[in-house]
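Q: If it helps, the file is called entry00.pdb and holds PDB, C-alpha atoms:
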ATOM      1  CA  MET C   1       0.000   0.000   0.000
ATOM      2  CA  ALA C   2       1.371   3.388  -1.037
ATOM      3  CA  ARG C   3       2.097   6.091   1.536
ATOM      4  CA  TYR C   4       0.135   9.294   0.976
ATOM      5  CA  PHE C   5       1.861  12.641   1.517
ATOM      6  CA  ASP C   6      -0.345  15.742   1.613
ATOM      7  CA  VAL C   7       1.938  18.690   0.823
ATOM      8  CA  HIS C   8       1.081  22.388   0.886
ATOM      9  CA  PRO C   9       1.403  23.681  -2.713
ATOM     10  CA  GLU C  10       3.073  27.001  -1.808
ATOM     11  CA  ASN C  11       4.818  26.254   1.481
ATOM     12  CA  PRO C  12       5.860  22.587   1.429
ATOM     13  CA  GLN C  13       6.286  21.233   4.946
ATOM     14  CA  PRO C  14      10.007  20.408   5.425
ATOM     15  CA  ARG C  15       9.183  17.370   7.566
ATOM     16  CA  ILE C  16       7.053  15.843   4.812
ATOM     17  CA  ILE C  17       9.523  16.691   2.043
ATOM     18  CA  SER C  18      12.266  15.044   4.101
ATOM     19  CA  ALA C  19      10.127  11.929   4.532
ATOM     20  CA  VAL C  20       9.520  11.701   0.773
ATOM     21  CA  ALA C  21      13.256  12.084   0.084
ATOM     22  CA  ASP C  22      14.040   9.367   2.639
ATOM     23  CA  SER C  23      11.568   7.074   0.877
ATOM     24  CA  LEU C  24      13.295   7.712  -2.447
ATOM     25  CA  ARG C  25      16.708   6.988  -0.920
ATOM     26  CA  SER C  26      15.282   3.709   0.368
ATOM     27  CA  GLY C  27      14.336   2.628  -3.157
ATOM     28  CA  ALA C  28      10.763   3.916  -3.382
ATOM     29  CA  LEU C  29       8.900   4.628  -6.602
ATOM     30  CA  VAL C  30       6.944   7.859  -6.093
ATOM     31  CA  ALA C  31       4.129   9.588  -7.973
ATOM     32  CA  TYR C  32       4.697  13.330  -7.639
ATOM     33  CA  PRO C  33       3.378  16.599  -9.144
ATOM     34  CA  THR C  34       5.282  18.824 -11.559
ATOM     35  CA  ASP C  35       4.557  22.048 -13.441
ATOM     36  CA  SER C  36       3.031  20.084 -16.325
ATOM     37  CA  CYS C  37       1.405  16.961 -14.862
ATOM     38  CA  TYR C  38       2.100  14.101 -12.459
ATOM     39  CA  ALA C  39       5.209  11.995 -12.959
ATOM     40  CA  LEU C  40       6.624   8.716 -11.708
ATOM     41  CA  GLY C  41      10.035   9.160 -10.106
ATOM     42  CA  CYS C  42      12.792   7.181  -8.425
ATOM     43  CA  GLN C  43      16.371   7.747  -7.333
ATOM     44  CA  LEU C  44      19.179   7.721  -9.865
ATOM     45  CA  GLY C  45      20.599   4.191  -9.980
ATOM     46  CA  ASN C  46      17.414   2.541  -8.715
ATOM     47  CA  ARG C  47      17.270  -0.220 -11.340
ATOM     48  CA  ASP C  48      14.165  -1.809  -9.841
ATOM     49  CA  GLY C  49      12.369   1.551  -9.818
ATOM     50  CA  ILE C  50      13.225   2.144 -13.472
ATOM     51  CA  ASP C  51      11.972  -1.329 -14.404
ATOM     52  CA  ARG C  52       8.752  -0.658 -12.508
ATOM     53  CA  ILE C  53       8.197   2.605 -14.423
ATOM     54  CA  ARG C  54       8.662   0.697 -17.690
ATOM     55  CA  SER C  55       6.159  -1.921 -16.507
ATOM     56  CA  ILE C  56       3.503   0.570 -15.324
ATOM     57  CA  ARG C  57       3.693   2.584 -18.532
ATOM     58  CA  ASN C  58       4.420  -0.356 -20.867
ATOM     59  CA  LEU C  59       7.519   1.373 -22.265
ATOM     60  CA  ASP C  60      10.062  -0.101 -24.662
ATOM     61  CA  GLU C  61      13.826   0.388 -24.567
ATOM     62  CA  ARG C  62      13.659   3.382 -26.918
ATOM     63  CA  HIS C  63      11.756   5.484 -24.384
ATOM     64  CA  HIS C  64      13.631   8.550 -23.198
ATOM     65  CA  PHE C  65      13.635   8.765 -19.429
ATOM     66  CA  THR C  66      14.008  12.247 -17.973
ATOM     67  CA  LEU C  67      16.396  13.438 -15.288
ATOM     68  CA  VAL C  68      14.426  16.088 -13.404
ATOM     69  CA  CYS C  69      17.073  18.509 -12.112
ATOM     70  CA  GLN C  70      17.001  21.285  -9.533
ATOM     71  CA  ASN C  71      19.158  23.717 -11.523
ATOM     72  CA  PHE C  72      21.679  24.113 -14.338
ATOM     73  CA  ALA C  73      24.638  23.150 -12.170
ATOM     74  CA  GLN C  74      23.031  19.762 -11.641
ATOM     75  CA  LEU C  75      21.842  19.404 -15.232
ATOM     76  CA  GLY C  76      25.345  20.056 -16.558
ATOM     77  CA  GLN C  77      26.703  16.961 -14.804
ATOM     78  CA  PHE C  78      24.549  14.634 -16.878
ATOM     79  CA  VAL C  79      24.381  16.044 -20.427
ATOM     80  CA  GLN C  80      26.767  17.514 -22.962
ATOM     81  CA  ILE C  81      25.690  20.992 -23.947
ATOM     82  CA  ASP C  82      27.373  23.605 -26.146
ATOM     83  CA  ASN C  83      27.057  27.373 -25.742
ATOM     84  CA  ASP C  84      24.315  27.959 -28.325
ATOM     85  CA  VAL C  85      22.141  25.178 -26.970
ATOM     86  CA  PHE C  86      22.849  26.302 -23.413
ATOM     87  CA  ARG C  87      21.552  29.794 -24.165
ATOM     88  CA  ALA C  88      18.394  28.444 -25.808
ATOM     89  CA  ILE C  89      17.624  26.131 -22.896
ATOM     90  CA  LYS C  90      18.559  28.696 -20.270
ATOM     91  CA  ALA C  91      16.013  31.153 -21.706
ATOM     92  CA  ALA C  92      13.244  28.560 -21.392
ATOM     93  CA  THR C  93      13.897  27.228 -17.900
ATOM     94  CA  PRO C  94      12.646  26.582 -15.365
ATOM     95  CA  GLY C  95       9.512  25.534 -17.200
ATOM     96  CA  SER C  96       7.436  22.812 -18.828
ATOM     97  CA  TYR C  97      10.089  21.573 -21.253
ATOM     98  CA  THR C  98      12.065  18.354 -21.582
ATOM     99  CA  PHE C  99      15.299  18.539 -23.587
ATOM    100  CA  ILE C 100      16.943  15.541 -25.261
ATOM    101  CA  LEU C 101      20.735  15.816 -25.167
ATOM    102  CA  PRO C 102      23.818  13.569 -25.406
ATOM    103  CA  ALA C 103      24.450  11.983 -22.012
ATOM    104  CA  THR C 104      27.665  12.119 -20.006
ATOM    105  CA  ARG C 105      29.191   9.081 -18.324
ATOM    106  CA  GLU C 106      27.360  10.039 -15.128
ATOM    107  CA  VAL C 107      24.115   8.674 -16.591
ATOM    108  CA  PRO C 108      23.463   4.953 -15.974
ATOM    109  CA  ARG C 109      23.358   2.954 -19.200
ATOM    110  CA  GLN C 110      19.877   1.706 -18.314
ATOM    111  CA  LEU C 111      18.528   5.241 -18.869
ATOM    112  CA  LEU C 112      20.134   5.871 -22.257
ATOM    113  CA  HIS C 113      18.483   5.614 -25.642
ATOM    114  CA  PRO C 114      20.189   2.415 -26.934
ATOM    115  CA  LYS C 115      21.335   3.899 -30.247
ATOM    116  CA  LYS C 116      21.614   7.632 -29.675
ATOM    117  CA  LYS C 117      23.091   7.525 -26.118
ATOM    118  CA  THR C 118      20.858  10.445 -25.211
ATOM    119  CA  VAL C 119      18.713  11.251 -22.186
ATOM    120  CA  GLY C 120      15.987  13.740 -21.328
ATOM    121  CA  VAL C 121      16.577  16.552 -18.821
ATOM    122  CA  ARG C 122      14.358  19.262 -17.385
ATOM    123  CA  ILE C 123      14.230  21.909 -14.654
ATOM    124  CA  PRO C 124      10.651  22.235 -13.373
ATOM    125  CA  ASP C 125       8.958  25.416 -12.241
ATOM    126  CA  HIS C 126       7.069  23.842  -9.338
ATOM    127  CA  VAL C 127       7.536  24.705  -5.660
ATOM    128  CA  VAL C 128       7.000  21.185  -4.308
ATOM    129  CA  THR C 129       9.182  19.498  -6.918
ATOM    130  CA  GLN C 130      11.966  22.013  -6.326
ATOM    131  CA  ALA C 131      11.762  21.475  -2.558
ATOM    132  CA  LEU C 132      12.031  17.716  -3.050
ATOM    133  CA  LEU C 133      14.991  18.023  -5.439
ATOM    134  CA  ALA C 134      16.781  20.344  -3.014
ATOM    135  CA  GLU C 135      16.273  17.874  -0.176
ATOM    136  CA  LEU C 136      17.299  14.882  -2.291
ATOM    137  CA  GLY C 137      20.429  16.584  -3.653
ATOM    138  CA  GLU C 138      20.312  14.795  -7.005
ATOM    139  CA  PRO C 139      17.997  14.466 -10.019
ATOM    140  CA  LEU C 140      14.909  12.281 -10.056
ATOM    141  CA  VAL C 141      14.644   9.670 -12.785
ATOM    142  CA  SER C 142      11.174  10.388 -14.130
ATOM    143  CA  SER C 143       8.518   9.634 -16.701
ATOM    144  CA  THR C 144       5.093  11.214 -17.224
ATOM    145  CA  LEU C 145       2.381   9.369 -15.321
ATOM    146  CA  LEU C 146       0.427   8.420 -18.417
ATOM    147  CA  LEU C 147      -1.022   4.928 -18.292
ATOM    148  CA  PRO C 148      -1.184   2.716 -21.410
ATOM    149  CA  ASP C 149      -4.224   3.325 -23.640
ATOM    150  CA  GLU C 150      -5.202   6.510 -21.781
ATOM    151  CA  ALA C 151      -5.261   9.858 -23.559
ATOM    152  CA  GLU C 152      -4.439  12.077 -20.569
ATOM    153  CA  PRO C 153      -2.376  11.741 -17.398
ATOM    154  CA  MET C 154      -4.107  11.520 -14.026
ATOM    155  CA  THR C 155      -4.160  14.827 -12.155
ATOM    156  CA  GLN C 156      -5.571  14.059  -8.700
ATOM    157  CA  GLY C 157      -3.394  12.612  -5.963
ATOM    158  CA  TRP C 158      -6.260  10.675  -4.387
ATOM    159  CA  GLU C 159      -7.112   9.063  -7.732
ATOM    160  CA  ILE C 160      -3.485   8.040  -8.258
ATOM    161  CA  LYS C 161      -3.409   6.573  -4.742
ATOM    162  CA  GLU C 162      -6.603   4.655  -5.451
ATOM    163  CA  ARG C 163      -5.578   3.264  -8.842
ATOM    164  CA  LEU C 164      -1.849   2.688  -8.332
ATOM    165  CA  ASP C 165      -1.867   1.776  -4.645
ATOM    166  CA  HIS C 166      -0.119  -1.554  -5.190
ATOM    167  CA  VAL C 167       2.391  -0.535  -7.880
ATOM    168  CA  VAL C 168       3.891   2.669  -6.418
ATOM    169  CA  ASP C 169       5.304   3.173  -2.928
ATOM    170  CA  ALA C 170       4.212   6.770  -2.306
ATOM    171  CA  VAL C 171       1.982   9.512  -3.707
ATOM    172  CA  VAL C 172       2.775  13.204  -3.174
ATOM    173  CA  ASP C 173      -0.358  15.344  -3.391
ATOM    174  CA  SER C 174      -0.137  19.143  -3.561
ATOM    175  CA  GLY C 175      -3.325  19.784  -5.511
ATOM    176  CA  ASP C 176      -4.145  19.844  -9.205
ATOM    177  CA  CYS C 177      -1.185  20.325 -11.534
ATOM    178  CA  GLY C 178      -2.710  20.071 -15.000
ATOM    179  CA  THR C 179      -2.994  17.393 -17.666
ATOM    180  CA  GLU C 180      -0.575  18.509 -20.369
ATOM    181  CA  PRO C 181       2.881  16.887 -20.476
ATOM    182  CA  THR C 182       6.013  18.898 -21.224
ATOM    183  CA  THR C 183       7.030  20.065 -24.657
ATOM    184  CA  VAL C 184       9.920  17.809 -25.709
ATOM    185  CA  VAL C 185      12.746  19.367 -27.729
ATOM    186  CA  ASP C 186      15.569  17.243 -29.155
ATOM    187  CA  PHE C 187      18.865  19.158 -29.230
ATOM    188  CA  SER C 188      21.074  16.088 -29.720
ATOM    189  CA  SER C 189      22.034  17.203 -33.254
ATOM    190  CA  GLY C 190      22.697  20.792 -32.141
ATOM    191  CA  GLU C 191      19.468  22.031 -33.754
ATOM    192  CA  ALA C 192      16.051  22.142 -32.091
ATOM    193  CA  GLU C 193      13.595  19.454 -33.182
ATOM    194  CA  ILE C 194      10.235  19.382 -31.418
ATOM    195  CA  LEU C 195       9.257  15.782 -30.660
ATOM    196  CA  ARG C 196       6.138  16.559 -28.613
ATOM    197  CA  ARG C 197       4.101  19.732 -28.374
ATOM    198  CA  GLY C 198       2.962  20.124 -24.794
ATOM    199  CA  ALA C 199       2.617  22.595 -21.946
ATOM    200  CA  GLY C 200       5.637  24.759 -22.795
ATOM    201  CA  ASP C 201       5.564  27.488 -25.449
ATOM    202  CA  HIS C 202       6.941  25.522 -28.387
ATOM    203  CA  ALA C 203       6.937  28.485 -30.791
ATOM    204  CA  ARG C 204      10.326  29.592 -29.446
ATOM    205  CA  PHE C 205      11.927  26.391 -30.782
ATOM    206  CA  GLU C 206      10.338  26.393 -34.242
TER     207      GLU C 206
END
Represent the supplied structure as structure tokens.

A:
Amino acid sequence: MARYFDVHPENPQPRIISAVADSLRSGALVAYPTDSCYALGCQLGNRDGIDRIRSIRNLDERHHFTLVCQNFAQLGQFVQIDNDVFRAIKAATPGSYTFILPATREVPRQLLHPKKKTVGVRIPDHVVTQALLAELGEPLVSSTLLLPDEAEPMTQGWEIKERLDHVVDAVVDSGDCGTEPTTVVDFSSGEAEILRRGAGDHARFE
């Protein structure tokens, strides 16, 4: 049965955020809110958690996982980024964007696209997510909480708790966070290619 954490959306309680981070460090798979929609997240290097995300979402090996980062200093440890791309991404973050970039050696092989050796990264504009990332001190391995054969992600913490009670370890609820996933922009070639049009303003990358 999943633990249920009720978090204030503007002033996250440090005690609760610490408890969620401790759960992640202990190998938990957590459903948590972001600035686009809910996501499934686990600690970097949690192979079981990554396999469970694949199972819940019915993902194949070509799926790009996302490293949800607190800031650019953290993001820069995990992807290779040149000056032009850096400026373009910097102008759009934090926000509802996921960027596909060549991975550094810091990224576990299990997370890489098998042919391109790329990974997704993003810096969310969400108070609760930022508080959790600050407490955890490292990125969250994440994927949008979109179940197979469903058109939209779930948006209510109680509904996620009810439906995924036996497949996730914790649910973080800080209120409604929308139904639209991030806009995904592939910069792995050095030029912007929009792979998914979502919550972010994609016109800036066209």

Q: Could you tell me how far CA of Leu146 (chain C) sits from CA of Arg57 (chain C), in Å to one decimal place?

A: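 So the two atoms, CA of Arg57 (chain C) and CA of Leu146 (chain C), lie 6.7 Å apart.
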
Q: Find the residue from C:Asp35, C:Asp6, C:Glu191, C:Glu152 that sits nearest to Thr98 (chain C); use all atoms listed in the file when measuring.

A: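 Closest to Thr98 (chain C), using all atoms listed in the file: C:Asp35.
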
Q: Could I get the residues of region 94-150 of chain C with an atom no further than 10 Å from an atom of region 195-199 of chain C, each paired with its nearest atom pair and that distance in Å to one decimal, using all atoms listed in the file, sorted by chain and residue number, as a tab-separated table?

A:
residue	atom	partner	partner_atom	distance
C:Gly95	CA	C:Ala199	CA	8.9
C:Ser96	CA	C:Ala199	CA	5.7
C:Tyr97	CA	C:Ala199	CA	7.6
C:Thr98	CA	C:Arg196	CA	9.4
C:Phe99	CA	C:Leu195	CA	9.7
C:Ile100	CA	C:Leu195	CA	9.4

Q: Residues as selected, C-alpha atoms, written as a PDB file, in the frame of the given file, can you do that?

A:
ATOM      1  CA  GLY C  95       9.512  25.534 -17.200  1.00  0.00           C
ATOM      2  CA  SER C  96       7.436  22.812 -18.828  1.00  0.00           C
ATOM      3  CA  TYR C  97      10.089  21.573 -21.253  1.00  0.00           C
ATOM      4  CA  THR C  98      12.065  18.354 -21.582  1.00  0.00           C
ATOM      5  CA  PHE C  99      15.299  18.539 -23.587  1.00  0.00           C
ATOM      6  CA  ILE C 100      16.943  15.541 -25.261  1.00  0.00           C
TER       7      ILE C 100
END

Q: Skip Arg3 (chain C) itself and residues of its chain fewer than 4 positions away, then list as a list in words all residues within 7 Å of it, counting only C-alpha atoms.

A: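 That gives Asp169, Ala170 and Val171 of chain C.
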
Q: Step by step, work through what the PyMOL selection byres ((chain C and resi 30) around 7) selects in the shown file, and finish by giving those residues as a ChimeraX atom specification.

A: /C:28-29,31-32,40-42,168-171

Q: Looking at C:Ser189, C:Gln70, C:Thr183, C:Asn83, which one is nearest to Thr118 (chain C), with distances taken over all atoms listed in the file?

A: C:Ser189

Q: Any idea what's packed within 8 Å of region 125-138 of chain C, counting only C-alpha atoms, ignoring anything in its chain fewer than 5 positions away? Could you give it as a ChimeraX atom specification?

A: /C:7-12,17-18,20-21,32-35,44,69-70,74,93-96,174

Q: Take the selection from the previous step and output its residues with C-alpha atoms, as an mmCIF file, in the coordinates of the input.

A:
data_model
loop_
_atom_site.group_PDB
_atom_site.id
_atom_site.type_symbol
_atom_site.label_atom_id
_atom_site.label_comp_id
_atom_site.auth_asym_id
_atom_site.auth_seq_id
_atom_site.Cartn_x
_atom_site.Cartn_y
_atom_site.Cartn_z
ATOM 1 C CA VAL C 7 1.938 18.690 0.823
ATOM 2 C CA HIS C 8 1.081 22.388 0.886
ATOM 3 C CA PRO C 9 1.403 23.681 -2.713
ATOM 4 C CA GLU C 10 3.073 27.001 -1.808
ATOM 5 C CA ASN C 11 4.818 26.254 1.481
ATOM 6 C CA PRO C 12 5.860 22.587 1.429
ATOM 7 C CA ILE C 17 9.523 16.691 2.043
ATOM 8 C CA SER C 18 12.266 15.044 4.101
ATOM 9 C CA VAL C 20 9.520 11.701 0.773
ATOM 10 C CA ALA C 21 13.256 12.084 0.084
ATOM 11 C CA TYR C 32 4.697 13.330 -7.639
ATOM 12 C CA PRO C 33 3.378 16.599 -9.144
ATOM 13 C CA THR C 34 5.282 18.824 -11.559
ATOM 14 C CA ASP C 35 4.557 22.048 -13.441
ATOM 15 C CA LEU C 44 19.179 7.721 -9.865
ATOM 16 C CA CYS C 69 17.073 18.509 -12.112
ATOM 17 C CA GLN C 70 17.001 21.285 -9.533
ATOM 18 C CA GLN C 74 23.031 19.762 -11.641
ATOM 19 C CA THR C 93 13.897 27.228 -17.900
ATOM 20 C CA PRO C 94 12.646 26.582 -15.365
ATOM 21 C CA GLY C 95 9.512 25.534 -17.200
ATOM 22 C CA SER C 96 7.436 22.812 -18.828
ATOM 23 C CA SER C 174 -0.137 19.143 -3.561
#

Q: When you draw a straight line from CA of Phe65 (chain C) to CA of Gly178 (chain C), how long is it in Å?

A: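 For CA of Phe65 (chain C) relative to CA of Gly178 (chain C), the distance reads 20.4 Å.
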
Q: Just give me the gap between CA of Ser142 (chain C) and CA of Glu193 (chain C) in Å, one decimal is fine.

A: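 For CA of Ser142 (chain C) relative to CA of Glu193 (chain C), the distance reads 21.2 Å.
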
Q: Considering all atoms listed in the file, can you say which of C:Gly27, C:Tyr38, C:Val107, C:Asp22 comes closest to Pro139 (chain C)?

A: C:Val107

Q: Given the file shown, enumerate the residues that the PyMOL selection byres ((chain C and resi 56) around 8) captures and present them as a list in words.

A: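 Selection result, ordered by chain and number: Arg52, Ile53, Arg54, Ser55, Arg57, Asn58, Leu147, Pro148 and Val167 of chain C.
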
Q: For each of C:Asp165, C:Asp84, C:Asp173, C:Glu180, take the minimum atom-to-atom distance to Ala151 (chain C), counting all atoms listed in the file, then give the residue where this is smallest.

A: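 Checking each of C:Asp165, C:Asp84, C:Asp173, C:Glu180 against Ala151 (chain C), counting all atoms listed in the file, the winner is C:Glu180.
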
Q: Closest to Ser23 (chain C) among C:Ser36, C:Phe187, C:Val172, C:Gly157, using all atoms listed in the file?

A: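 When distances to Ser23 (chain C) are compared using all atoms listed in the file, the smallest one comes from C:Val172.
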
Q: Can you work out which one of C:Ala88, C:Cys177, C:Pro14, C:Thr144 has the shortest atom-to-atom distance to Glu206 (chain C), counting all atoms listed in the file?

A: C:Ala88
